[in-house]
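Here's target_23.txt, which has compact mmCIF, C-alpha atoms and all ligand atoms:
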```
# COMPACT_ATOMS: atom_id res chain seq x y z
CA MET A 1 -23.72 5.19 -7.81
CA GLN A 2 -22.78 1.56 -7.36
CA SER A 3 -19.61 0.03 -5.99
CA PHE A 4 -18.43 -3.36 -4.83
CA GLU A 5 -15.48 -4.37 -2.65
CA TYR A 6 -13.34 -7.43 -3.12
CA GLU A 7 -10.16 -9.04 -1.97
CA LEU A 8 -7.57 -10.29 -4.41
CA GLN A 9 -7.84 -13.98 -5.24
CA ARG A 10 -5.01 -14.45 -7.77
CA ALA A 11 -3.32 -12.95 -10.79
CA ILE A 12 -2.84 -14.56 -14.20
CA LEU A 13 -0.50 -13.77 -17.07
CA GLY A 14 -1.16 -15.30 -20.47
CA ARG A 15 -1.25 -14.76 -24.18
CA LEU A 16 -3.61 -15.46 -27.02
CA ASP A 17 -2.53 -17.31 -30.14
CA ARG A 18 -2.04 -15.59 -33.47
CA GLY A 19 -5.37 -15.44 -35.28
CA ASP A 20 -7.50 -15.48 -32.13
CA ASP A 21 -10.25 -12.93 -31.86
CA VAL A 22 -9.18 -10.77 -28.92
CA LEU A 23 -12.57 -10.35 -27.23
CA ASP A 24 -13.75 -13.90 -27.89
CA GLY A 25 -10.38 -15.34 -26.86
CA LEU A 26 -10.21 -13.44 -23.60
CA THR A 27 -13.84 -14.25 -22.79
CA ALA A 28 -13.30 -17.94 -23.50
CA PHE A 29 -10.17 -17.94 -21.34
CA CYS A 30 -12.08 -16.47 -18.41
CA LYS A 31 -14.91 -18.99 -18.74
CA ARG A 32 -12.49 -21.94 -18.99
CA ASN A 33 -10.51 -20.78 -15.97
CA GLY A 34 -13.33 -19.85 -13.63
CA VAL A 35 -12.64 -16.12 -13.76
CA GLU A 36 -15.96 -14.51 -12.87
CA VAL A 37 -14.97 -11.15 -11.46
CA GLY A 38 -11.84 -9.11 -11.98
CA HIS A 39 -9.82 -6.66 -13.99
CA ILE A 40 -7.98 -7.22 -17.25
CA GLU A 41 -5.21 -5.47 -19.15
CA ALA A 42 -3.47 -6.40 -22.37
CA VAL A 43 -0.93 -5.23 -24.92
CA GLY A 44 0.00 -6.65 -28.31
CA ALA A 45 -0.95 -6.19 -31.93
CA VAL A 46 -3.78 -7.04 -34.31
CA GLU A 47 -3.89 -7.85 -38.04
CA ARG A 48 -7.11 -5.90 -38.31
CA GLY A 49 -9.57 -4.63 -35.81
CA GLY A 50 -12.16 -2.20 -34.71
CA VAL A 51 -13.47 -0.05 -31.93
CA GLY A 52 -16.96 1.06 -31.05
CA PHE A 53 -18.35 4.44 -30.12
CA TYR A 54 -21.62 4.47 -28.18
CA ASP A 55 -24.01 7.10 -29.50
CA HIS A 56 -26.01 7.71 -26.34
CA GLU A 57 -28.71 9.65 -28.19
CA ALA A 58 -29.40 6.94 -30.78
CA ARG A 59 -28.42 4.18 -28.32
CA VAL A 60 -26.33 2.31 -30.86
CA TYR A 61 -22.65 1.54 -31.25
CA HIS A 62 -20.97 3.02 -34.31
CA GLU A 63 -18.18 0.78 -35.51
CA ILE A 64 -14.81 2.09 -36.68
CA ARG A 65 -13.02 -0.70 -38.55
CA PHE A 66 -9.36 -1.02 -39.53
CA ASP A 67 -8.15 -3.40 -42.20
CA GLU A 68 -4.48 -3.01 -41.33
CA GLY A 69 -2.06 -4.04 -38.63
CA MET A 70 -2.34 -2.00 -35.45
CA GLU A 71 -0.63 -2.04 -32.08
CA ILE A 72 -2.77 -2.75 -29.05
CA ALA A 73 -1.33 0.25 -27.23
CA SER A 74 -3.61 -0.40 -24.29
CA LEU A 75 -6.54 -2.63 -23.46
CA VAL A 76 -8.32 -2.31 -20.14
CA GLY A 77 -11.52 -3.80 -18.91
CA ASN A 78 -13.49 -5.53 -16.26
CA ILE A 79 -14.98 -8.97 -15.85
CA SER A 80 -18.39 -9.39 -14.29
CA GLY A 81 -21.63 -11.27 -14.90
CA ARG A 82 -24.22 -10.99 -17.63
CA ASP A 83 -26.98 -13.56 -18.15
CA GLY A 84 -25.24 -15.73 -15.56
CA GLU A 85 -21.93 -15.93 -17.44
CA ALA A 86 -18.59 -14.15 -17.30
CA PHE A 87 -18.80 -11.01 -19.40
CA LEU A 88 -15.87 -8.79 -20.38
CA HIS A 89 -16.29 -5.08 -20.93
CA CYS A 90 -13.07 -3.78 -22.47
CA HIS A 91 -11.89 -0.61 -24.09
CA VAL A 92 -8.87 -0.46 -26.33
CA ILE A 93 -6.47 2.02 -27.89
CA LEU A 94 -5.15 0.88 -31.27
CA ALA A 95 -2.14 2.65 -32.80
CA ASP A 96 -1.39 2.64 -36.55
CA SER A 97 2.01 2.58 -38.31
CA GLU A 98 2.49 6.27 -37.63
CA GLY A 99 1.45 6.08 -34.01
CA ARG A 100 -1.95 7.59 -34.58
CA CYS A 101 -4.33 6.25 -31.99
CA PHE A 102 -7.96 5.29 -32.15
CA GLY A 103 -9.84 4.22 -29.10
CA GLY A 104 -13.17 2.92 -27.99
CA HIS A 105 -15.20 -0.07 -26.96
CA LEU A 106 -13.53 -3.38 -27.86
CA LEU A 107 -15.54 -5.07 -30.61
CA ASP A 108 -15.43 -8.53 -32.09
CA GLY A 109 -13.14 -8.75 -35.09
CA ASN A 110 -9.84 -7.70 -33.53
CA VAL A 111 -7.63 -10.49 -34.85
CA ALA A 112 -4.55 -10.99 -32.70
CA VAL A 113 -1.01 -11.05 -34.01
CA ALA A 114 -0.02 -11.21 -30.37
CA CYS A 115 -1.92 -10.38 -27.23
CA GLU A 116 -0.34 -10.61 -23.79
CA PHE A 117 -2.83 -10.23 -21.02
CA SER A 118 -2.82 -9.91 -17.27
CA ILE A 119 -5.91 -10.62 -15.22
CA THR A 120 -6.47 -9.72 -11.60
CA VAL A 121 -9.00 -12.22 -10.29
CA LEU A 122 -11.10 -11.06 -7.37
CA LYS A 123 -12.66 -13.18 -4.66
CA GLY A 124 -16.44 -13.17 -4.40
CA VAL A 125 -19.65 -12.89 -6.36
CA ALA A 126 -19.57 -10.92 -9.60
CA PRO A 127 -21.96 -8.01 -10.00
CA GLU A 128 -24.58 -8.87 -12.62
CA ARG A 129 -25.28 -6.56 -15.54
CA THR A 130 -28.87 -5.62 -16.20
CA TYR A 131 -30.51 -3.28 -18.64
CA ASP A 132 -30.31 0.35 -17.54
CA GLU A 133 -33.18 2.46 -18.87
CA ALA A 134 -31.31 5.74 -18.39
CA THR A 135 -28.49 4.79 -20.75
CA GLY A 136 -29.73 1.88 -22.82
CA LEU A 137 -26.72 -0.12 -21.65
CA ALA A 138 -26.30 -3.27 -19.56
CA LEU A 139 -24.78 -1.92 -16.37
CA TRP A 140 -24.15 -3.11 -12.81
ZN ZN B 201 -17.67 0.11 -23.54
```
So, in terms of structure tokens, how does the structure I just supplied come out?
Amino acid sequence: MQSFEYELQRAILGRLDRGDDVLDGLTAFCKRNGVEVGHIEAVGAVERGGVGFYDHEARVYHEIRFDEGMEIASLVGNISGRDGEAFLHCHVILADSEGRCFGGHLLDGNVAVACEFSITVLKGVAPERTYDEATGLALW
């Protein structure tokens, strides 16, 4: 088990522009604004998108792609370090026009219609992700 304790530094509310890639846009925002460690949440909608499922036996992400508008019913994640840069690990629940939900690891390719985010920025040094042999993932 690993854990880290922090005090709150500040909180940020913001939104992406229409057409922004959700993961790339949020990552770029954090890098531009000196957010190195924290927690992120967002709601909104995408024109198209996708989620990932980690197959822990094969150690690969299977991608589930949607070529339709979906609600970002919930996006949650954390911000820490990987290769010396801010790295976002987010999961998302996308809801279709009938409210059916699909969830998983937030992939590239979620194109925002709107994405309102809130970031809790923590004070201190971000934990750094390194390769974990037991899972095949980059973990703290
Ligand atoms: Zn994940």
Proximity check chain A to ligand ZN 201 (chain B), 10 Å, nearest pairs one decimal Å, all atoms listed in the file, as CSV:
```
residue,atom,partner,partner_atom,distance
A:Val51,CA,B:ZN201,ZN,9.4
A:Gly52,CA,B:ZN201,ZN,7.6
A:Phe53,CA,B:ZN201,ZN,7.9
A:Tyr54,CA,B:ZN201,ZN,7.5
A:Tyr61,CA,B:ZN201,ZN,9.3
A:Gly77,CA,B:ZN201,ZN,8.6
A:Leu88,CA,B:ZN201,ZN,9.6
A:His89,CA,B:ZN201,ZN,6.0
A:Cys90,CA,B:ZN201,ZN,6.1
A:His91,CA,B:ZN201,ZN,5.9
A:Val92,CA,B:ZN201,ZN,9.2
A:Gly104,CA,B:ZN201,ZN,6.9
A:His105,CA,B:ZN201,ZN,4.2
A:Leu106,CA,B:ZN201,ZN,6.9
A:Leu107,CA,B:ZN201,ZN,9.0
A:Leu137,CA,B:ZN201,ZN,9.2
```
Practice task
Pick out the residues sitting within 12 Å of region 20-31 of chain A, and hand them over as a PyMOL selection string; count all atoms listed in the file, and ignore anything fewer than 2 positions along from it in its own chain.
Solution key: chain A and resi 12-18+33-51+72+75-81+84-92+105-121
Rounded to one decimal, what separation in Å do you get between CA of Gln2 (chain A) and CA of Leu122 (chain A)?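 CA of Leu122 (chain A) lies 17.2 Å from CA of Gln2 (chain A).
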Quick one: distance from CA of Met70 (chain A) to CA of Arg100 (chain A) in Å, one decimal?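 Going from CA of Met70 (chain A) over to CA of Arg100 (chain A) covers 9.6 Å.
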_d(CA of Ala95 (chain A), CA of Ala73 (chain A)) in Å_ =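 One can read the CA of Ala95 (chain A) to CA of Ala73 (chain A) distance as 6.1 Å.
Every protein, DNA or RNA residue with an atom at most 9 Å from Thr135 (chain A), where all atoms listed in the file count and chain neighbours fewer than 6 positions away do not, is listed here: His56, Glu57 and Arg59 of chain A.
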Taking the block above, write region 95-123 of chain A with N, CA, C and O atoms as a PDB file, in the first residue's frame.
```pdb
ATOM      1  N   ALA A  95     -22.744   8.706 -21.022  1.00  0.00           N
ATOM      2  CA  ALA A  95     -24.137   8.270 -21.122  1.00  0.00           C
ATOM      3  C   ALA A  95     -24.675   8.587 -22.514  1.00  0.00           C
ATOM      4  O   ALA A  95     -24.484   9.701 -23.012  1.00  0.00           O
ATOM      5  N   ASP A  96     -25.341   7.623 -23.148  1.00  0.00           N
ATOM      6  CA  ASP A  96     -25.871   7.847 -24.496  1.00  0.00           C
ATOM      7  C   ASP A  96     -27.252   8.496 -24.440  1.00  0.00           C
ATOM      8  O   ASP A  96     -27.736   8.870 -23.367  1.00  0.00           O
ATOM      9  N   SER A  97     -27.912   8.622 -25.602  1.00  0.00           N
ATOM     10  CA  SER A  97     -29.181   9.362 -25.687  1.00  0.00           C
ATOM     11  C   SER A  97     -30.312   8.693 -24.922  1.00  0.00           C
ATOM     12  O   SER A  97     -31.351   9.298 -24.698  1.00  0.00           O
ATOM     13  N   GLU A  98     -30.125   7.463 -24.532  1.00  0.00           N
ATOM     14  CA  GLU A  98     -31.133   6.782 -23.713  1.00  0.00           C
ATOM     15  C   GLU A  98     -30.676   6.598 -22.273  1.00  0.00           C
ATOM     16  O   GLU A  98     -31.297   5.859 -21.511  1.00  0.00           O
ATOM     17  N   GLY A  99     -29.576   7.246 -21.936  1.00  0.00           N
ATOM     18  CA  GLY A  99     -29.097   7.176 -20.559  1.00  0.00           C
ATOM     19  C   GLY A  99     -28.269   5.950 -20.252  1.00  0.00           C
ATOM     20  O   GLY A  99     -27.855   5.756 -19.097  1.00  0.00           O
ATOM     21  N   ARG A 100     -28.030   5.151 -21.273  1.00  0.00           N
ATOM     22  CA  ARG A 100     -27.174   3.977 -21.033  1.00  0.00           C
ATOM     23  C   ARG A 100     -25.746   4.440 -20.813  1.00  0.00           C
ATOM     24  O   ARG A 100     -25.239   5.293 -21.557  1.00  0.00           O
ATOM     25  N   CYS A 101     -25.117   3.877 -19.826  1.00  0.00           N
ATOM     26  CA  CYS A 101     -23.791   4.344 -19.422  1.00  0.00           C
ATOM     27  C   CYS A 101     -22.698   3.327 -19.734  1.00  0.00           C
ATOM     28  O   CYS A 101     -22.907   2.123 -19.634  1.00  0.00           O
ATOM     29  N   PHE A 102     -21.573   3.890 -20.140  1.00  0.00           N
ATOM     30  CA  PHE A 102     -20.376   3.106 -20.400  1.00  0.00           C
ATOM     31  C   PHE A 102     -19.250   3.795 -19.648  1.00  0.00           C
ATOM     32  O   PHE A 102     -19.126   5.013 -19.696  1.00  0.00           O
ATOM     33  N   GLY A 103     -18.456   3.003 -18.987  1.00  0.00           N
ATOM     34  CA  GLY A 103     -17.405   3.623 -18.196  1.00  0.00           C
ATOM     35  C   GLY A 103     -16.071   2.953 -18.379  1.00  0.00           C
ATOM     36  O   GLY A 103     -15.987   1.808 -18.844  1.00  0.00           O
ATOM     37  N   GLY A 104     -15.042   3.680 -18.016  1.00  0.00           N
ATOM     38  CA  GLY A 104     -13.699   3.109 -18.068  1.00  0.00           C
ATOM     39  C   GLY A 104     -12.642   4.192 -18.025  1.00  0.00           C
ATOM     40  O   GLY A 104     -12.901   5.354 -17.687  1.00  0.00           O
ATOM     41  N   HIS A 105     -11.459   3.783 -18.402  1.00  0.00           N
ATOM     42  CA  HIS A 105     -10.288   4.649 -18.432  1.00  0.00           C
ATOM     43  C   HIS A 105     -10.470   5.705 -19.531  1.00  0.00           C
ATOM     44  O   HIS A 105     -10.871   5.364 -20.646  1.00  0.00           O
ATOM     45  N   LEU A 106     -10.221   6.959 -19.198  1.00  0.00           N
ATOM     46  CA  LEU A 106     -10.372   8.033 -20.185  1.00  0.00           C
ATOM     47  C   LEU A 106      -9.263   7.952 -21.229  1.00  0.00           C
ATOM     48  O   LEU A 106      -8.078   8.046 -20.892  1.00  0.00           O
ATOM     49  N   LEU A 107      -9.670   7.783 -22.482  1.00  0.00           N
ATOM     50  CA  LEU A 107      -8.721   7.694 -23.600  1.00  0.00           C
ATOM     51  C   LEU A 107      -8.632   9.026 -24.328  1.00  0.00           C
ATOM     52  O   LEU A 107      -9.496   9.890 -24.178  1.00  0.00           O
ATOM     53  N   ASP A 108      -7.622   9.150 -25.170  1.00  0.00           N
ATOM     54  CA  ASP A 108      -7.610  10.225 -26.159  1.00  0.00           C
ATOM     55  C   ASP A 108      -8.807  10.026 -27.084  1.00  0.00           C
ATOM     56  O   ASP A 108      -9.297   8.914 -27.247  1.00  0.00           O
ATOM     57  N   GLY A 109      -9.239  11.106 -27.715  1.00  0.00           N
ATOM     58  CA  GLY A 109     -10.300  10.984 -28.708  1.00  0.00           C
ATOM     59  C   GLY A 109     -11.684  11.302 -28.194  1.00  0.00           C
ATOM     60  O   GLY A 109     -12.659  11.126 -28.913  1.00  0.00           O
ATOM     61  N   ASN A 110     -11.787  11.774 -26.938  1.00  0.00           N
ATOM     62  CA  ASN A 110     -13.062  12.278 -26.439  1.00  0.00           C
ATOM     63  C   ASN A 110     -13.122  13.762 -26.795  1.00  0.00           C
ATOM     64  O   ASN A 110     -12.422  14.581 -26.182  1.00  0.00           O
ATOM     65  N   VAL A 111     -13.928  14.090 -27.792  1.00  0.00           N
ATOM     66  CA  VAL A 111     -13.963  15.449 -28.328  1.00  0.00           C
ATOM     67  C   VAL A 111     -15.077  16.227 -27.635  1.00  0.00           C
ATOM     68  O   VAL A 111     -16.254  15.884 -27.750  1.00  0.00           O
ATOM     69  N   ALA A 112     -14.684  17.269 -26.927  1.00  0.00           N
ATOM     70  CA  ALA A 112     -15.629  18.004 -26.089  1.00  0.00           C
ATOM     71  C   ALA A 112     -16.660  18.782 -26.897  1.00  0.00           C
ATOM     72  O   ALA A 112     -16.315  19.449 -27.879  1.00  0.00           O
ATOM     73  N   VAL A 113     -17.914  18.692 -26.505  1.00  0.00           N
ATOM     74  CA  VAL A 113     -18.923  19.692 -26.843  1.00  0.00           C
ATOM     75  C   VAL A 113     -18.827  20.770 -25.762  1.00  0.00           C
ATOM     76  O   VAL A 113     -18.764  21.954 -26.060  1.00  0.00           O
ATOM     77  N   ALA A 114     -18.796  20.305 -24.541  1.00  0.00           N
ATOM     78  CA  ALA A 114     -18.575  21.165 -23.382  1.00  0.00           C
ATOM     79  C   ALA A 114     -17.938  20.306 -22.300  1.00  0.00           C
ATOM     80  O   ALA A 114     -18.225  19.113 -22.217  1.00  0.00           O
ATOM     81  N   CYS A 115     -17.085  20.910 -21.542  1.00  0.00           N
ATOM     82  CA  CYS A 115     -16.459  20.158 -20.439  1.00  0.00           C
ATOM     83  C   CYS A 115     -16.094  21.141 -19.341  1.00  0.00           C
ATOM     84  O   CYS A 115     -15.158  21.922 -19.494  1.00  0.00           O
ATOM     85  N   GLU A 116     -16.896  21.113 -18.274  1.00  0.00           N
ATOM     86  CA  GLU A 116     -16.630  21.967 -17.114  1.00  0.00           C
ATOM     87  C   GLU A 116     -15.866  21.156 -16.082  1.00  0.00           C
ATOM     88  O   GLU A 116     -16.319  20.074 -15.699  1.00  0.00           O
ATOM     89  N   PHE A 117     -14.748  21.692 -15.673  1.00  0.00           N
ATOM     90  CA  PHE A 117     -13.915  20.918 -14.748  1.00  0.00           C
ATOM     91  C   PHE A 117     -13.663  21.679 -13.459  1.00  0.00           C
ATOM     92  O   PHE A 117     -13.727  22.910 -13.420  1.00  0.00           O
ATOM     93  N   SER A 118     -13.409  20.914 -12.427  1.00  0.00           N
ATOM     94  CA  SER A 118     -12.950  21.497 -11.162  1.00  0.00           C
ATOM     95  C   SER A 118     -11.727  20.704 -10.717  1.00  0.00           C
ATOM     96  O   SER A 118     -11.707  19.475 -10.791  1.00  0.00           O
ATOM     97  N   ILE A 119     -10.716  21.447 -10.320  1.00  0.00           N
ATOM     98  CA  ILE A 119      -9.449  20.846  -9.921  1.00  0.00           C
ATOM     99  C   ILE A 119      -9.126  21.290  -8.501  1.00  0.00           C
ATOM    100  O   ILE A 119      -9.186  22.479  -8.190  1.00  0.00           O
ATOM    101  N   THR A 120      -8.835  20.335  -7.669  1.00  0.00           N
ATOM    102  CA  THR A 120      -8.323  20.615  -6.334  1.00  0.00           C
ATOM    103  C   THR A 120      -6.817  20.456  -6.401  1.00  0.00           C
ATOM    104  O   THR A 120      -6.315  19.359  -6.647  1.00  0.00           O
ATOM    105  N   VAL A 121      -6.115  21.567  -6.241  1.00  0.00           N
ATOM    106  CA  VAL A 121      -4.655  21.550  -6.325  1.00  0.00           C
ATOM    107  C   VAL A 121      -4.093  21.361  -4.922  1.00  0.00           C
ATOM    108  O   VAL A 121      -4.488  22.056  -3.981  1.00  0.00           O
ATOM    109  N   LEU A 122      -3.188  20.406  -4.806  1.00  0.00           N
ATOM    110  CA  LEU A 122      -2.588  20.111  -3.508  1.00  0.00           C
ATOM    111  C   LEU A 122      -1.193  20.704  -3.426  1.00  0.00           C
ATOM    112  O   LEU A 122      -0.544  20.929  -4.451  1.00  0.00           O
ATOM    113  N   LYS A 123      -0.760  20.950  -2.199  1.00  0.00           N
ATOM    114  CA  LYS A 123       0.525  21.588  -1.936  1.00  0.00           C
ATOM    115  C   LYS A 123       1.573  20.509  -1.699  1.00  0.00           C
ATOM    116  O   LYS A 123       1.384  19.640  -0.844  1.00  0.00           O
TER     117      LYS A 123
END
```
